[in-house]
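Engineer: Please see the structure below; I have some questions.
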Amino acid sequence: MRFETLFGTTAFSLTLKDPALDRPSACLAVARPPLQAGEKKLISVVSGCFNEEENVRECYRQVKKVFEEIGCYRYEHIFIDNGSKDKTLTILREIAAEDPNVKIIVNARNFGHIRSGYHAMLQARGDAIIALVSDLQDPPELIKDFIRKWEEGFLVVLGIKKDSDESPIFFLVRRLYYELVTRLAEIELNKNSTGFGLYDRRFMEVLREIDDPYPYFRGLVSEVGFPVAKIPYHQPARTRGITSNNFYTLYDMAMLGITNHSKVPLRMATMLGFVVSFLSFLVAVGYLTFKLLYWNQFSLGLAPLVVGLFFFGSVQLFFIGILGEYIGSIYTQVLKRPPVVELERINFEKES
């Protein structure tokens with residue numbers, strides 16, 4: 001049940017029986033009745049944006065063109081503005097005034113791309129939801145292939161980057177990260193997936209029940225375990241605007257993927273502690289033996305002490321940092337704050 005106020009939206013969740021899915025539904029705001037005879041399926045396209053004034057109109061135009069070419073589906077294009085400081089919101093308002101298929105969620109501030117995009121997907125009411133970034137590095141023409149695979153019976157269809165026009169070094173770092181996380185994770189993750197893809201309404205209902213306030217979405221896809229179709233694509237370079245990603249946001253997502261799906265770093269700390277303790281004992285015995293045998297000739301010196309001190313200190317700080325990442329994840333889960341606070345919604349009131 002959702003109450004609209006002048007200050008935004010307050011959401012209350014109840015558990016009801018959804019006859020279309022024969023499973024509990026955790027969000028009434030997006031619940032849809034079963035399709036009537038002859039009714040076209042609804043596809044929801046979700047695009048997050050932050051300072052994308054140069055891209056949102058072109059993103060809207062390309063998505064609209066794709067659905068005009070397909071012709072046999074209804075669609076809604078949901079833009080969630082994450083506190084843009086440029087003219088992004090003004091342009092979105094102009095588009096929404098001309099096209100009721102365009103819906104806008106305005107966040108009260110910048111809540112980060114992880115929480116913002118995930119919240120928008122949970123608000124979508126389509127039979128299938130497509131996640132598409134607004135900077136056009138996700139090719140909208142792949143929507144046709146996603147829908148084709150969905151109609152074949154796949155509940156999740158993912159776009160997989162086979163190569164990219166971005167910096168070769170940056171692309172290599174991403175590949176190495178995906179390889180590392182895949183090896184550490186307790187489940188099989190989808191390599192080189194950015195989240196660009198199509199997700200059936202049944203999949204989204206499961207995510208509503210999980211109710212994760214700060215999710216690693218790519219990991220949740222593997223965690224749920226529905227059959228996945230993978231479509232490789234070439235990622236074009238950004239041609240307009242400047243990316244809002246920086247080292248911190250990328251590091252945050254990287255650590256989120258590790259802490260949400262692996263206990264290996266914690267166990268490494270325990271095992272390394274045993275190994276280093278044993279090696280330290282052997283070194284101590286060796287030094288004691290040499291000193292007893294060559295009392296006057298063998299001098300301990302300060303170098304081994306200094307090197308050992310800095311080595312053990314760095315190892316301790318490294319694993320304290322790892323432990324802090326896990327504690328931070330627990331802290332976020334315990335707070336259970338809403339993903340975002342909405343300031344305004346546009347065109348949602350026109351839904352029947």
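Quick note on naming: the chains in the structure tokens go A, B, ... in the order shown, residues restart at 1 in each chain, and ligands are numbered from 1 in order of appearance.
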Applying 12 Å and only C-alpha atoms, which residues near Ile231 of chain A remain after dropping the ones on its own chain fewer than 4 positions away? List them as a list of chain:residue names.
Structural biologist: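 What passes the distance filter is A:Pro139, A:Leu142, A:Ile143, A:Lys144, A:Asp145, A:Phe146, A:Ile147, A:Arg148, A:Lys149, A:Trp150, A:Val156, A:Val157, A:Leu158, A:Gly159, A:Ile160, A:Lys161, A:Lys162, A:Asn190, A:Asn192, A:Ser193, A:Phe196, A:Gly197, A:Leu198.
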Engineer: Grab the residues selected above and save them as a PDB file, in the first residue's frame with N, CA and C atoms.
Structural biologist:
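Result went into part-v1.pdb, see below:
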ATOM      1  N   PRO A 139      23.616  -0.991 -25.561  1.00  0.00           N
ATOM      2  CA  PRO A 139      22.916  -0.767 -26.834  1.00  0.00           C
ATOM      3  C   PRO A 139      21.423  -1.082 -26.734  1.00  0.00           C
ATOM      4  N   LEU A 142      19.580  -4.181 -28.433  1.00  0.00           N
ATOM      5  CA  LEU A 142      19.597  -5.537 -27.888  1.00  0.00           C
ATOM      6  C   LEU A 142      18.290  -5.905 -27.191  1.00  0.00           C
ATOM      7  N   ILE A 143      17.431  -4.923 -26.948  1.00  0.00           N
ATOM      8  CA  ILE A 143      16.136  -5.189 -26.320  1.00  0.00           C
ATOM      9  C   ILE A 143      15.356  -6.241 -27.121  1.00  0.00           C
ATOM     10  N   LYS A 144      15.463  -6.186 -28.431  1.00  0.00           N
ATOM     11  CA  LYS A 144      14.756  -7.153 -29.278  1.00  0.00           C
ATOM     12  C   LYS A 144      15.236  -8.574 -28.984  1.00  0.00           C
ATOM     13  N   ASP A 145      16.557  -8.748 -28.856  1.00  0.00           N
ATOM     14  CA  ASP A 145      17.104 -10.072 -28.569  1.00  0.00           C
ATOM     15  C   ASP A 145      16.710 -10.529 -27.172  1.00  0.00           C
ATOM     16  N   PHE A 146      16.699  -9.597 -26.218  1.00  0.00           N
ATOM     17  CA  PHE A 146      16.290  -9.949 -24.854  1.00  0.00           C
ATOM     18  C   PHE A 146      14.860 -10.479 -24.839  1.00  0.00           C
ATOM     19  N   ILE A 147      13.965  -9.767 -25.511  1.00  0.00           N
ATOM     20  CA  ILE A 147      12.554 -10.166 -25.528  1.00  0.00           C
ATOM     21  C   ILE A 147      12.376 -11.497 -26.233  1.00  0.00           C
ATOM     22  N   ARG A 148      13.140 -11.713 -27.279  1.00  0.00           N
ATOM     23  CA  ARG A 148      13.040 -12.983 -28.015  1.00  0.00           C
ATOM     24  C   ARG A 148      13.408 -14.159 -27.102  1.00  0.00           C
ATOM     25  N   LYS A 149      14.490 -14.003 -26.355  1.00  0.00           N
ATOM     26  CA  LYS A 149      14.898 -15.064 -25.422  1.00  0.00           C
ATOM     27  C   LYS A 149      13.878 -15.224 -24.289  1.00  0.00           C
ATOM     28  N   TRP A 150      13.338 -14.116 -23.841  1.00  0.00           N
ATOM     29  CA  TRP A 150      12.321 -14.162 -22.777  1.00  0.00           C
ATOM     30  C   TRP A 150      11.101 -14.943 -23.239  1.00  0.00           C
ATOM     31  N   VAL A 156      15.527 -14.817 -17.010  1.00  0.00           N
ATOM     32  CA  VAL A 156      16.583 -13.805 -16.948  1.00  0.00           C
ATOM     33  C   VAL A 156      17.380 -13.877 -18.245  1.00  0.00           C
ATOM     34  N   VAL A 157      17.582 -12.707 -18.854  1.00  0.00           N
ATOM     35  CA  VAL A 157      18.403 -12.611 -20.065  1.00  0.00           C
ATOM     36  C   VAL A 157      19.452 -11.538 -19.813  1.00  0.00           C
ATOM     37  N   LEU A 158      20.714 -11.899 -19.899  1.00  0.00           N
ATOM     38  CA  LEU A 158      21.795 -10.972 -19.576  1.00  0.00           C
ATOM     39  C   LEU A 158      22.607 -10.605 -20.810  1.00  0.00           C
ATOM     40  N   GLY A 159      22.989  -9.345 -20.886  1.00  0.00           N
ATOM     41  CA  GLY A 159      23.972  -8.913 -21.866  1.00  0.00           C
ATOM     42  C   GLY A 159      25.362  -9.123 -21.286  1.00  0.00           C
ATOM     43  N   ILE A 160      26.236  -9.797 -22.024  1.00  0.00           N
ATOM     44  CA  ILE A 160      27.584 -10.104 -21.557  1.00  0.00           C
ATOM     45  C   ILE A 160      28.588  -9.359 -22.433  1.00  0.00           C
ATOM     46  N   LYS A 161      29.410  -8.531 -21.806  1.00  0.00           N
ATOM     47  CA  LYS A 161      30.413  -7.777 -22.563  1.00  0.00           C
ATOM     48  C   LYS A 161      31.513  -8.716 -23.064  1.00  0.00           C
ATOM     49  N   LYS A 162      31.604  -8.868 -24.383  1.00  0.00           N
ATOM     50  CA  LYS A 162      32.702  -9.665 -24.927  1.00  0.00           C
ATOM     51  C   LYS A 162      33.931  -8.799 -25.176  1.00  0.00           C
ATOM     52  N   ASN A 190      28.034 -14.618 -13.001  1.00  0.00           N
ATOM     53  CA  ASN A 190      28.063 -14.399 -14.444  1.00  0.00           C
ATOM     54  C   ASN A 190      29.157 -13.378 -14.767  1.00  0.00           C
ATOM     55  N   ASN A 192      31.551 -10.736 -16.582  1.00  0.00           N
ATOM     56  CA  ASN A 192      31.416  -9.633 -17.540  1.00  0.00           C
ATOM     57  C   ASN A 192      29.962  -9.206 -17.747  1.00  0.00           C
ATOM     58  N   SER A 193      29.157  -9.372 -16.711  1.00  0.00           N
ATOM     59  CA  SER A 193      27.781  -8.875 -16.739  1.00  0.00           C
ATOM     60  C   SER A 193      27.708  -7.600 -15.917  1.00  0.00           C
ATOM     61  N   PHE A 196      22.970  -5.154 -17.254  1.00  0.00           N
ATOM     62  CA  PHE A 196      22.196  -4.891 -18.458  1.00  0.00           C
ATOM     63  C   PHE A 196      21.515  -6.176 -18.899  1.00  0.00           C
ATOM     64  N   GLY A 197      20.173  -6.146 -18.934  1.00  0.00           N
ATOM     65  CA  GLY A 197      19.457  -7.351 -19.314  1.00  0.00           C
ATOM     66  C   GLY A 197      17.971  -7.245 -19.040  1.00  0.00           C
ATOM     67  N   LEU A 198      17.283  -8.362 -19.207  1.00  0.00           N
ATOM     68  CA  LEU A 198      15.835  -8.448 -18.992  1.00  0.00           C
ATOM     69  C   LEU A 198      15.567  -9.400 -17.844  1.00  0.00           C
TER      70      LEU A 198
END
Engineer: Find the residues around segment 255-257 of chain A up to 10 Å (only C-alpha atoms counted), leave out those fewer than 2 positions away in its own chain, and share them as a list in words.
Structural biologist: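 The neighbour list is Tyr177, Tyr178, Val181, Thr182, Leu184, Ala185, Leu189, Tyr214, Pro215, Tyr216, Phe217, Arg218, Gly219, Leu220, Leu250, Tyr251, Asp252, Met253, Thr259, Asn260, His261, Ser262, Ile322, Glu325, Tyr326, Gly328 and Ser329 of chain A.
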Engineer: List the neighbours of Tyr75 of chain A out to 7 Å using only C-alpha atoms; skip same-chain residues closer than 3 positions along the sequence, and give me the result as a VMD selection string.
Structural biologist: chain A and resid 42 to 44 101
Engineer: Skipping near chain neighbours, those fewer than 3 positions away, what residues fall within 7 Å of segment 263-272 of chain A using only C-alpha atoms, listed as a ChimeraX atom specification?
Structural biologist: /A:184,275-276,319
Engineer: I need the residues from that last selection saved to file as a PDB file, in the first residue's frame (with C-alpha atoms), if you can.
Structural biologist:
ATOM      1  CA  LEU A 184      36.014 -16.492  -4.340  1.00  0.00           C
ATOM      2  CA  VAL A 275      50.983 -20.133   8.939  1.00  0.00           C
ATOM      3  CA  VAL A 276      52.734 -16.929  10.042  1.00  0.00           C
ATOM      4  CA  PHE A 319      42.946  -8.109   7.502  1.00  0.00           C
TER       5      PHE A 319
END
Engineer: So which residues touch Val46 of chain A within 8 Å, counting only C-alpha atoms, skipping near sequence neighbours fewer than 6 positions away, as number ranges by chain?
Structural biologist: A: 77-80, 117, 120-121, 124, 129-133
Engineer: Go ahead and write the selection's residues with N, CA and C atoms as a PDB file, in the first residue's frame.
Structural biologist:
ATOM      1  N   HIS A  77       8.849   3.568 -19.913  1.00  0.00           N
ATOM      2  CA  HIS A  77      10.275   3.861 -19.731  1.00  0.00           C
ATOM      3  C   HIS A  77      10.413   4.690 -18.460  1.00  0.00           C
ATOM      4  N   ILE A  78      10.970   4.065 -17.428  1.00  0.00           N
ATOM      5  CA  ILE A  78      11.110   4.721 -16.130  1.00  0.00           C
ATOM      6  C   ILE A  78      12.527   5.279 -15.996  1.00  0.00           C
ATOM      7  N   PHE A  79      12.618   6.593 -15.858  1.00  0.00           N
ATOM      8  CA  PHE A  79      13.893   7.240 -15.548  1.00  0.00           C
ATOM      9  C   PHE A  79      13.889   7.583 -14.063  1.00  0.00           C
ATOM     10  N   ILE A  80      14.962   7.238 -13.362  1.00  0.00           N
ATOM     11  CA  ILE A  80      15.101   7.653 -11.973  1.00  0.00           C
ATOM     12  C   ILE A  80      16.273   8.622 -11.903  1.00  0.00           C
ATOM     13  N   GLY A 117      19.144   2.643  -8.855  1.00  0.00           N
ATOM     14  CA  GLY A 117      18.685   1.789  -9.950  1.00  0.00           C
ATOM     15  C   GLY A 117      17.875   0.599  -9.467  1.00  0.00           C
ATOM     16  N   ALA A 120      14.324   1.687  -8.556  1.00  0.00           N
ATOM     17  CA  ALA A 120      13.484   1.909  -9.739  1.00  0.00           C
ATOM     18  C   ALA A 120      12.993   0.597 -10.323  1.00  0.00           C
ATOM     19  N   MET A 121      13.834  -0.421 -10.326  1.00  0.00           N
ATOM     20  CA  MET A 121      13.411  -1.718 -10.857  1.00  0.00           C
ATOM     21  C   MET A 121      12.299  -2.320 -10.007  1.00  0.00           C
ATOM     22  N   ALA A 124       8.899  -0.882 -11.017  1.00  0.00           N
ATOM     23  CA  ALA A 124       8.370  -1.201 -12.343  1.00  0.00           C
ATOM     24  C   ALA A 124       7.246  -2.231 -12.227  1.00  0.00           C
ATOM     25  N   ILE A 129      11.162  -6.626 -16.911  1.00  0.00           N
ATOM     26  CA  ILE A 129      11.844  -5.363 -16.635  1.00  0.00           C
ATOM     27  C   ILE A 129      13.207  -5.408 -17.303  1.00  0.00           C
ATOM     28  N   ILE A 130      13.538  -4.343 -18.020  1.00  0.00           N
ATOM     29  CA  ILE A 130      14.832  -4.249 -18.696  1.00  0.00           C
ATOM     30  C   ILE A 130      15.646  -3.142 -18.041  1.00  0.00           C
ATOM     31  N   ALA A 131      16.835  -3.479 -17.573  1.00  0.00           N
ATOM     32  CA  ALA A 131      17.749  -2.493 -16.995  1.00  0.00           C
ATOM     33  C   ALA A 131      18.648  -1.959 -18.103  1.00  0.00           C
ATOM     34  N   LEU A 132      18.651  -0.638 -18.274  1.00  0.00           N
ATOM     35  CA  LEU A 132      19.382  -0.002 -19.373  1.00  0.00           C
ATOM     36  C   LEU A 132      19.977   1.305 -18.878  1.00  0.00           C
ATOM     37  N   VAL A 133      21.293   1.448 -18.950  1.00  0.00           N
ATOM     38  CA  VAL A 133      21.904   2.699 -18.503  1.00  0.00           C
ATOM     39  C   VAL A 133      21.592   3.808 -19.497  1.00  0.00           C
TER      40      VAL A 133
END
Engineer: From a DSSP calculation on the backbone, collect every residue of segment 88-180 of chain A in strand (DSSP E or B) and output the set as a ChimeraX atom specification.
Structural biologist: /A:102-107,128-131,156-164
Engineer: Just write the chosen residues, C-alpha atoms, as an mmCIF file, in the first residue's frame.
Structural biologist:
data_model
loop_
_atom_site.group_PDB
_atom_site.id
_atom_site.type_symbol
_atom_site.label_atom_id
_atom_site.label_comp_id
_atom_site.auth_asym_id
_atom_site.auth_seq_id
_atom_site.Cartn_x
_atom_site.Cartn_y
_atom_site.Cartn_z
ATOM 1 C CA VAL A 102 7.784 7.975 -19.861
ATOM 2 C CA LYS A 103 7.691 7.957 -16.065
ATOM 3 C CA ILE A 104 10.077 9.760 -13.758
ATOM 4 C CA ILE A 105 11.149 9.145 -10.178
ATOM 5 C CA VAL A 106 13.001 12.087 -8.633
ATOM 6 C CA ASN A 107 15.218 11.236 -5.690
ATOM 7 C CA ALA A 128 9.392 -8.046 -17.768
ATOM 8 C CA ILE A 129 11.844 -5.363 -16.635
ATOM 9 C CA ILE A 130 14.832 -4.249 -18.696
ATOM 10 C CA ALA A 131 17.749 -2.493 -16.995
ATOM 11 C CA VAL A 156 16.583 -13.805 -16.948
ATOM 12 C CA VAL A 157 18.403 -12.611 -20.065
ATOM 13 C CA LEU A 158 21.795 -10.972 -19.576
ATOM 14 C CA GLY A 159 23.972 -8.913 -21.866
ATOM 15 C CA ILE A 160 27.584 -10.104 -21.557
ATOM 16 C CA LYS A 161 30.413 -7.777 -22.563
ATOM 17 C CA LYS A 162 32.702 -9.665 -24.927
ATOM 18 C CA ASP A 163 34.805 -6.550 -25.584
ATOM 19 C CA SER A 164 34.649 -2.819 -25.095
#
